[in-house]
>>> print(open('coords.pdb').read())   # PDB, C-alpha atoms
ATOM      1  CA  MET A1348      84.128  78.579 128.028
ATOM      2  CA  ILE A1349      82.582  82.021 128.483
ATOM      3  CA  ARG A1350      83.510  83.586 131.817
ATOM      4  CA  LEU A1351      80.794  85.123 133.992
ATOM      5  CA  GLY A1352      81.491  88.375 135.802
ATOM      6  CA  VAL A1353      78.893  89.279 138.406
ATOM      7  CA  ASN A1354      78.426  92.992 139.050
ATOM      8  CA  VAL A1355      77.405  93.606 142.669
ATOM      9  CA  ASP A1356      76.884  97.389 142.440
ATOM     10  CA  HIS A1357      73.152  97.163 143.073
ATOM     11  CA  VAL A1358      73.664  95.458 146.416
ATOM     12  CA  ALA A1359      75.445  98.660 147.432
ATOM     13  CA  THR A1360      72.618 100.677 145.844
ATOM     14  CA  VAL A1361      70.157  99.157 148.327
ATOM     15  CA  ARG A1362      72.553  99.798 151.213
ATOM     16  CA  GLU A1363      73.099 103.436 150.225
ATOM     17  CA  ALA A1364      69.347 104.046 150.082
ATOM     18  CA  ARG A1365      69.497 104.069 153.892
ATOM     19  CA  LYS A1366      73.201 104.936 154.301
ATOM     20  CA  THR A1367      73.582 101.930 156.546
ATOM     21  CA  TYR A1368      75.765  98.795 156.624
ATOM     22  CA  GLU A1369      73.524  96.258 154.895
ATOM     23  CA  PRO A1370      73.207  94.554 152.513
ATOM     24  CA  ASP A1371      76.946  94.098 152.188
ATOM     25  CA  PRO A1372      78.336  93.965 148.612
ATOM     26  CA  ILE A1373      81.407  92.132 149.930
ATOM     27  CA  ALA A1374      79.203  89.319 151.223
ATOM     28  CA  ALA A1375      77.400  89.287 147.873
ATOM     29  CA  ALA A1376      80.709  88.982 146.028
ATOM     30  CA  ILE A1377      81.812  86.085 148.195
ATOM     31  CA  ALA A1378      78.486  84.306 147.665
ATOM     32  CA  ALA A1379      78.736  84.829 143.907
ATOM     33  CA  GLU A1380      82.255  83.386 143.851
ATOM     34  CA  MET A1381      81.185  80.374 145.899
ATOM     35  CA  ALA A1382      78.364  79.780 143.396
ATOM     36  CA  GLY A1383      80.872  79.646 140.548
ATOM     37  CA  ALA A1384      81.263  83.231 139.251
ATOM     38  CA  ASP A1385      84.562  83.724 137.457
ATOM     39  CA  GLN A1386      84.858  87.413 138.255
ATOM     40  CA  ILE A1387      83.430  90.150 140.450
ATOM     41  CA  THR A1388      82.771  93.497 138.788
ATOM     42  CA  ILE A1389      82.292  96.785 140.616
ATOM     43  CA  HIS A1390      81.842 100.322 139.291
ATOM     44  CA  LEU A1391      83.402 102.966 141.492
ATOM     45  CA  ARG A1392      81.535 105.964 140.154
ATOM     46  CA  GLU A1393      82.810 109.506 140.576
ATOM     47  CA  ASP A1394      79.700 110.421 142.601
ATOM     48  CA  ARG A1395      80.031 107.277 144.781
ATOM     49  CA  ARG A1396      76.326 106.553 144.429
ATOM     50  CA  HIS A1397      76.738 102.867 145.301
ATOM     51  CA  ILE A1398      80.216 101.319 145.639
ATOM     52  CA  GLN A1399      82.428 103.290 148.045
ATOM     53  CA  ASN A1400      86.224 103.494 148.308
ATOM     54  CA  ARG A1401      86.173 101.224 151.348
ATOM     55  CA  ASP A1402      84.143  98.642 149.405
ATOM     56  CA  ALA A1403      86.738  98.640 146.651
ATOM     57  CA  ARG A1404      89.594  98.128 149.114
ATOM     58  CA  MET A1405      87.773  95.307 150.878
ATOM     59  CA  MET A1406      86.831  93.706 147.549
ATOM     60  CA  ARG A1407      90.492  93.568 146.610
ATOM     61  CA  GLU A1408      91.184  91.608 149.799
ATOM     62  CA  ALA A1409      88.110  89.368 149.637
ATOM     63  CA  VAL A1410      87.846  88.442 145.948
ATOM     64  CA  HIS A1411      89.805  85.315 145.051
ATOM     65  CA  THR A1412      88.807  84.943 141.395
ATOM     66  CA  SER A1413      89.251  88.154 139.414
ATOM     67  CA  LEU A1414      88.328  91.721 140.326
ATOM     68  CA  ASN A1415      87.166  93.969 137.487
ATOM     69  CA  LEU A1416      86.937  97.690 138.253
ATOM     70  CA  GLU A1417      84.681  99.780 136.026
ATOM     71  CA  MET A1418      85.719 103.423 136.123
ATOM     72  CA  ALA A1419      85.808 106.740 134.316
ATOM     73  CA  GLY A1420      89.011 107.747 132.566
ATOM     74  CA  THR A1421      90.000 110.417 135.095
ATOM     75  CA  VAL A1422      93.225 111.144 136.955
ATOM     76  CA  GLU A1423      91.534 110.316 140.278
ATOM     77  CA  MET A1424      90.350 106.925 139.063
ATOM     78  CA  GLN A1425      93.726 106.136 137.513
ATOM     79  CA  GLU A1426      95.386 106.753 140.882
ATOM     80  CA  ILE A1427      92.823 104.559 142.628
ATOM     81  CA  ALA A1428      93.301 101.753 140.105
ATOM     82  CA  LEU A1429      97.082 101.827 140.415
ATOM     83  CA  ALA A1430      96.812 101.704 144.209
ATOM     84  CA  LEU A1431      94.071  99.051 144.284
ATOM     85  CA  LYS A1432      95.642  96.795 141.640
ATOM     86  CA  PRO A1433      92.461  95.059 140.371
ATOM     87  CA  ASP A1434      92.984  92.292 137.850
ATOM     88  CA  ALA A1435      91.247  94.373 135.186
ATOM     89  CA  ILE A1436      89.726  97.784 134.652
ATOM     90  CA  CYS A1437      86.974  98.699 132.214
ATOM     91  CA  LEU A1438      86.851 102.334 131.154
ATOM     92  CA  VAL A1439      83.271 103.561 130.870
ATOM     93  CA  PRO A1440      81.610 106.932 130.214
ATOM     94  CA  GLU A1441      79.886 108.656 133.114
ATOM     95  CA  ARG A1442      77.250 111.351 133.328
ATOM     96  CA  ARG A1443      75.958 112.470 136.723
ATOM     97  CA  GLU A1444      72.323 112.606 135.593
ATOM     98  CA  GLU A1445      72.207 109.065 134.171
ATOM     99  CA  VAL A1446      70.627 106.220 136.161
ATOM    100  CA  THR A1447      73.173 103.733 134.854
ATOM    101  CA  THR A1448      75.847 103.776 132.161
ATOM    102  CA  GLU A1449      74.195 104.759 128.890
ATOM    103  CA  GLY A1450      76.141 103.910 125.761
ATOM    104  CA  GLY A1451      79.792 103.217 125.203
ATOM    105  CA  LEU A1452      82.862 105.416 125.179
ATOM    106  CA  ASN A1453      83.413 107.715 122.236
ATOM    107  CA  LEU A1454      87.021 106.787 121.601
ATOM    108  CA  LEU A1455      87.113 108.839 118.416
ATOM    109  CA  ASP A1456      87.148 111.993 120.555
ATOM    110  CA  ALA A1457      89.473 110.607 123.222
ATOM    111  CA  PRO A1458      92.033 113.091 124.589
ATOM    112  CA  PRO A1459      95.771 112.282 124.339
ATOM    113  CA  SER A1460      95.812 111.677 128.093
ATOM    114  CA  LEU A1461      93.707 108.531 127.604
ATOM    115  CA  SER A1462      96.516 106.793 125.749
ATOM    116  CA  GLU A1463      98.899 107.713 128.558
ATOM    117  CA  MET A1464      96.485 106.280 131.129
ATOM    118  CA  ILE A1465      96.124 103.033 129.217
ATOM    119  CA  GLY A1466      99.902 102.654 129.079
ATOM    120  CA  ALA A1467     100.357 103.385 132.795
ATOM    121  CA  VAL A1468      97.698 100.882 133.862
ATOM    122  CA  LYS A1469      98.969  98.188 131.495
ATOM    123  CA  ASP A1470     102.473  98.722 132.867
ATOM    124  CA  ALA A1471     101.028  97.837 136.287
ATOM    125  CA  ASP A1472      99.993  94.451 134.861
ATOM    126  CA  ILE A1473      96.293  95.322 134.855
ATOM    127  CA  LEU A1474      94.129  94.300 131.880
ATOM    128  CA  VAL A1475      92.547  97.374 130.273
ATOM    129  CA  THR A1476      89.136  97.139 128.584
ATOM    130  CA  ALA A1477      87.081  99.743 126.715
ATOM    131  CA  PHE A1478      83.298  99.703 127.045
ATOM    132  CA  VAL A1479      82.140 100.538 123.525
ATOM    133  CA  ASP A1480      79.053 100.372 121.346
ATOM    134  CA  PRO A1481      79.089  97.706 118.607
ATOM    135  CA  SER A1482      80.615 100.138 116.116
ATOM    136  CA  ILE A1483      83.473  99.148 113.811
ATOM    137  CA  ASP A1484      84.925 102.671 114.076
ATOM    138  CA  GLN A1485      85.029 102.455 117.871
ATOM    139  CA  ILE A1486      86.527  98.960 117.777
ATOM    140  CA  GLN A1487      89.260 100.089 115.400
ATOM    141  CA  GLN A1488      90.081 103.066 117.612
ATOM    142  CA  ALA A1489      90.296 100.746 120.635
ATOM    143  CA  GLY A1490      92.917  98.810 118.720
ATOM    144  CA  ARG A1491      94.870 101.976 117.887
ATOM    145  CA  LEU A1492      94.835 103.027 121.545
ATOM    146  CA  ARG A1493      96.247  99.614 122.530
ATOM    147  CA  PHE A1494      93.430  98.433 124.760
ATOM    148  CA  ASP A1495      93.679  94.766 125.705
ATOM    149  CA  ALA A1496      89.968  94.091 125.275
ATOM    150  CA  VAL A1497      86.623  95.611 124.400
ATOM    151  CA  GLU A1498      83.390  95.076 126.276
ATOM    152  CA  ILE A1499      80.673  95.421 123.676
ATOM    153  CA  HIS A1500      77.693  97.382 124.956
ATOM    154  CA  THR A1501      74.648  95.138 124.521
ATOM    155  CA  GLY A1502      72.060  97.654 125.719
ATOM    156  CA  ALA A1503      70.601  98.387 122.274
ATOM    157  CA  TYR A1504      70.170  94.643 121.714
ATOM    158  CA  ALA A1505      68.575  94.156 125.142
ATOM    159  CA  ASN A1506      66.131  97.019 124.609
ATOM    160  CA  ALA A1507      65.293  96.288 120.970
ATOM    161  CA  SER A1508      61.879  95.172 119.814
ATOM    162  CA  ARG A1509      61.582  91.658 118.449
ATOM    163  CA  ALA A1510      61.686  93.050 114.902
ATOM    164  CA  GLN A1511      64.882  94.993 115.566
ATOM    165  CA  ARG A1512      66.747  92.477 117.687
ATOM    166  CA  ASP A1513      68.338  90.511 114.832
ATOM    167  CA  ALA A1514      69.824  93.687 113.375
ATOM    168  CA  GLU A1515      71.296  94.665 116.744
ATOM    169  CA  LEU A1516      72.672  91.172 117.212
ATOM    170  CA  ARG A1517      74.367  91.367 113.801
ATOM    171  CA  LYS A1518      76.125  94.577 114.856
ATOM    172  CA  ILE A1519      77.483  92.774 117.914
ATOM    173  CA  HIS A1520      78.671  89.834 115.790
ATOM    174  CA  ASP A1521      80.437  92.178 113.368
ATOM    175  CA  ALA A1522      82.024  94.178 116.185
ATOM    176  CA  ALA A1523      83.298  91.013 117.851
ATOM    177  CA  SER A1524      84.853  89.765 114.619
ATOM    178  CA  ALA A1525      86.517  93.136 114.037
ATOM    179  CA  ALA A1526      87.892  93.158 117.590
ATOM    180  CA  ARG A1527      89.349  89.699 117.252
ATOM    181  CA  HIS A1528      90.945  90.653 113.921
ATOM    182  CA  LEU A1529      92.749  93.469 115.749
ATOM    183  CA  GLY A1530      93.937  91.166 118.517
ATOM    184  CA  LEU A1531      91.474  92.459 121.107
ATOM    185  CA  ARG A1532      89.728  90.184 123.580
ATOM    186  CA  VAL A1533      85.944  90.212 123.295
ATOM    187  CA  HIS A1534      83.688  90.819 126.303
ATOM    188  CA  ALA A1535      80.050  91.922 126.420
ATOM    189  CA  GLY A1536      77.522  93.297 128.858
ATOM    190  CA  HIS A1537      74.661  95.649 129.754
ATOM    191  CA  GLY A1538      70.992  94.770 129.924
ATOM    192  CA  LEU A1539      71.562  91.028 129.620
ATOM    193  CA  ASN A1540      69.224  88.781 131.570
ATOM    194  CA  TYR A1541      67.946  85.212 131.830
ATOM    195  CA  HIS A1542      65.588  85.726 128.881
ATOM    196  CA  ASN A1543      67.746  87.452 126.268
ATOM    197  CA  LEU A1544      71.124  85.865 126.953
ATOM    198  CA  THR A1545      71.043  82.769 124.741
ATOM    199  CA  PRO A1546      71.456  84.513 121.327
ATOM    200  CA  ILE A1547      74.460  86.420 122.689
ATOM    201  CA  LEU A1548      76.242  83.138 123.324
ATOM    202  CA  GLU A1549      76.528  82.708 119.555
ATOM    203  CA  VAL A1550      78.643  85.873 119.227
ATOM    204  CA  PRO A1551      82.019  84.810 117.801
ATOM    205  CA  TYR A1552      85.145  84.999 119.983
ATOM    206  CA  LEU A1553      83.153  85.965 123.083
ATOM    207  CA  GLU A1554      85.219  85.302 126.211
ATOM    208  CA  GLU A1555      83.444  87.138 129.025
ATOM    209  CA  LEU A1556      80.041  88.466 130.066
ATOM    210  CA  ASN A1557      79.469  90.964 132.863
ATOM    211  CA  ILE A1558      75.944  90.861 134.260
ATOM    212  CA  GLY A1559      74.658  92.642 137.342
ATOM    213  CA  HIS A1560      71.120  93.964 137.570
ATOM    214  CA  SER A1561      69.411  90.780 136.398
ATOM    215  CA  ILE A1562      71.359  88.520 138.770
ATOM    216  CA  ILE A1563      70.880  90.809 141.773
ATOM    217  CA  SER A1564      67.164  91.121 140.968
ATOM    218  CA  ARG A1565      66.808  87.342 140.795
ATOM    219  CA  ALA A1566      68.802  86.957 144.008
ATOM    220  CA  ILE A1567      66.185  88.960 145.929
ATOM    221  CA  PHE A1568      63.775  86.061 145.422
ATOM    222  CA  VAL A1569      66.011  82.984 145.305
ATOM    223  CA  GLY A1570      69.306  84.043 146.886
ATOM    224  CA  MET A1571      72.655  84.852 145.312
ATOM    225  CA  ASP A1572      73.839  81.265 145.098
ATOM    226  CA  ARG A1573      70.885  80.077 143.028
ATOM    227  CA  ALA A1574      70.754  83.242 140.914
ATOM    228  CA  VAL A1575      74.401  82.831 139.868
ATOM    229  CA  ARG A1576      74.049  79.099 139.282
ATOM    230  CA  GLU A1577      70.997  79.629 137.068
ATOM    231  CA  MET A1578      72.953  82.110 134.944
ATOM    232  CA  LEU A1579      75.889  79.717 134.744
ATOM    233  CA  ALA A1580      73.500  76.990 133.599
ATOM    234  CA  LEU A1581      72.501  79.186 130.661
ATOM    235  CA  LEU A1582      76.198  79.378 129.824
ATOM    236  CA  GLY A1583      76.322  75.573 129.759
ATOM    237  CA  ARG A1584      78.247  75.371 133.012
TER     238      ARG A1584
END
>>> encode(input="coords.pdb", output="structure tokens")
Amino acid sequence: MIRLGVNVDHVATVREARKTYEPDPIAAAIAAEMAGADQITIHLREDRRHIQNRDARMMREAVHTSLNLEMAGTVEMQEIALALKPDAICLVPERREEVTTEGGLNLLDAPPSLSEMIGAVKDADILVTAFVDPSIDQIQQAGRLRFDAVEIHTGAYANASRAQRDAELRKIHDAASAARHLGLRVHAGHGLNYHNLTPILEVPYLEELNIGHSIISRAIFVGMDRAVREMLALLGR
């Protein structure tokens, strides 16, 4: 069974557009869980453009499935993660000018402090995932750094033309096989929606998908409960 993580960041994006109290990402997380989501994912960005520190604290209290915290590999975020104690963290790259996360981590240029962070978070019994492009070199480096899992960045696949999509899908297949060979768990996400998801389900060893924008967009028209259930139906659930 492939687990579904629902990212509720964009509920907070709408709230922060007016700097008000609604819509509430906590309420969205609870609704997603009640609809059958296996995990709630939030990205506490350094610029706090959507999820805020208070949201993260309240999520930890409200989420009863699994809480996955996406974060940059900084000292500040390490301290927050160790205090918050999410079930998992996913280290992602951040650039202030980007609209959303663009591309995976470049682990080949990772500073020595990253390995120390990974060890400290793992010692706190938190699963540590690297968000990486479907590159064998990056997967191998994730193994060397002792990550528990990789989340394969599916953005190039999602944005590819019909002629290019098979080639991008092959890269994801190869990356997943390489990760499993190294003992890494295989997750995937970014740009996945109700229309392009099905081929991804054939990726070998895939255990978890994290999907946000598409589900939140669908929920505007049909509600969170139905939007999550429709995605779960595509997963055969």
>>> closest_residue(input="coords.pdb", among="A:Asp1434, A:Asp1356, A:Glu1498, A:Asp1371", to="Asn1557 of chain A", atoms="all atoms listed in the file")
A:Glu1498
>>> atom_distance(input="coords.pdb", atom1="atom CA of Leu1556 of chain A", atom2="atom CA of Pro1458 of chain A")
27.9 Å
>>> resolve_selection(input="coords.pdb", expression="the PyMOL selection byres ((chain A and resi 1485-1493) around 6)", output="list in words")
Ser1462, Ser1482, Ile1483, Asp1484, Phe1494 and Ala1526 of chain A
>>> closest_residue(input="coords.pdb", among="A:Asp1480, A:Asn1543, A:Glu1554, A:Asp1572", to="Ser1508 of chain A", atoms="all atoms listed in the file")
A:Asn1543
>>> closest_residue(input="coords.pdb", among="A:Ala1523, A:Val1353, A:Ala1364, A:Ile1427", to="Leu1548 of chain A", atoms="all atoms listed in the file")
A:Ala1523
>>> closest_residue(input="coords.pdb", among="A:Ala1419, A:Val1355, A:Val1468, A:Met1381", to="Asp1394 of chain A", atoms="all atoms listed in the file")
A:Ala1419
>>> closest_residue(input="coords.pdb", among="A:Glu1555, A:Glu1441, A:Asp1470, A:Asp1456", to="Met1418 of chain A", atoms="all atoms listed in the file")
A:Glu1441
>>> resolve_selection(input="coords.pdb", expression="the PyMOL selection byres ((chain A and resi 1377) around 10)", output="list in words")
Pro1372, Ile1373, Ala1374, Ala1375, Ala1376, Ala1378, Ala1379, Glu1380, Met1381, Ala1382, Ala1384, Ile1387, Met1406, Ala1409, Val1410, His1411, Thr1412, Met1571 and Asp1572 of chain A
>>> atom_distance(input="coords.pdb", atom1="atom CA of Ala1467 of chain A", atom2="atom CA of Gly1450 of chain A")
25.2 Å
>>> axis_aligned_box(input="coords.pdb", around="segment 1480-1489 of chain A", padding_each_side="5 Å", output="lines of an AutoDock Vina configuration file")
center_x = 84.7
center_y = 100.4
center_z = 117.6
size_x = 21.2
size_y = 15.4
size_z = 17.5
>>> resolve_selection(input="coords.pdb", expression="the PyMOL selection byres ((chain A and resi 1515-1519) around 8)", output="JSON, numbers by chain")
{"A": [1481, 1482, 1499, 1501, 1503, 1504, 1507, 1511, 1512, 1513, 1514, 1520, 1521, 1522, 1523, 1546, 1547, 1550]}
>>> residues_around(input="coords.pdb", residues="Val1475 of chain A", least_positions_apart="6", cutoff="9 Å", atoms="all atoms listed in the file", output="ChimeraX atom specification")
/A:1435-1438,1465,1468-1469,1493-1497
>>> residues_around(input="coords.pdb", residues="Ser1561 of chain A", least_positions_apart="2", cutoff="12 Å", atoms="all atoms listed in the file", output="VMD selection string")
chain A and resid 1353 to 1358 1505 1536 to 1544 1557 to 1559 1563 to 1568 1571 1574 to 1575 1577 to 1578
>>> decode(input="coords.pdb", residues="segment 1445-1484 of chain A", atoms="C-alpha atoms", output="short mmCIF file (atom, residue, chain, number, x, y, z; two decimals), in the first residue's frame")
data_model
loop_
_atom_site.label_atom_id
_atom_site.label_comp_id
_atom_site.auth_asym_id
_atom_site.auth_seq_id
_atom_site.Cartn_x
_atom_site.Cartn_y
_atom_site.Cartn_z
CA GLU A 1445 11.20 30.83 -5.76
CA VAL A 1446 7.41 30.40 -5.79
CA THR A 1447 7.69 26.82 -4.56
CA THR A 1448 10.53 24.35 -4.10
CA GLU A 1449 12.35 24.03 -7.41
CA GLY A 1450 14.52 20.95 -7.79
CA GLY A 1451 16.07 18.66 -5.24
CA LEU A 1452 18.95 19.04 -2.83
CA ASN A 1453 22.47 18.98 -4.21
CA LEU A 1454 23.88 16.49 -1.74
CA LEU A 1455 27.16 16.31 -3.62
CA ASP A 1456 28.02 19.78 -2.30
CA ALA A 1457 26.59 19.21 1.18
CA PRO A 1458 28.61 20.74 4.03
CA PRO A 1459 29.94 18.49 6.84
CA SER A 1460 27.34 20.01 9.17
CA LEU A 1461 24.57 18.25 7.22
CA SER A 1462 25.80 14.84 8.31
CA GLU A 1463 25.85 16.04 11.91
CA MET A 1464 22.27 17.31 11.58
CA ILE A 1465 21.07 14.02 10.13
CA GLY A 1466 22.64 12.13 13.04
CA ALA A 1467 21.14 14.45 15.67
CA VAL A 1468 17.63 14.23 14.23
CA LYS A 1469 17.81 10.45 13.79
CA ASP A 1470 18.97 10.15 17.40
CA ALA A 1471 15.70 11.88 18.36
CA ASP A 1472 13.82 9.02 16.68
CA ILE A 1473 12.70 11.17 13.74
CA LEU A 1474 12.78 9.71 10.21
CA VAL A 1475 15.05 11.80 7.97
CA THR A 1476 14.32 12.12 4.24
CA ALA A 1477 16.21 13.91 1.46
CA PHE A 1478 14.25 15.59 -1.33
CA VAL A 1479 16.35 14.82 -4.40
CA ASP A 1480 16.11 14.80 -8.17
CA PRO A 1481 15.96 11.35 -9.82
CA SER A 1482 19.75 11.23 -10.14
CA ILE A 1483 21.76 8.12 -9.29
CA ASP A 1484 24.61 10.30 -7.99
#
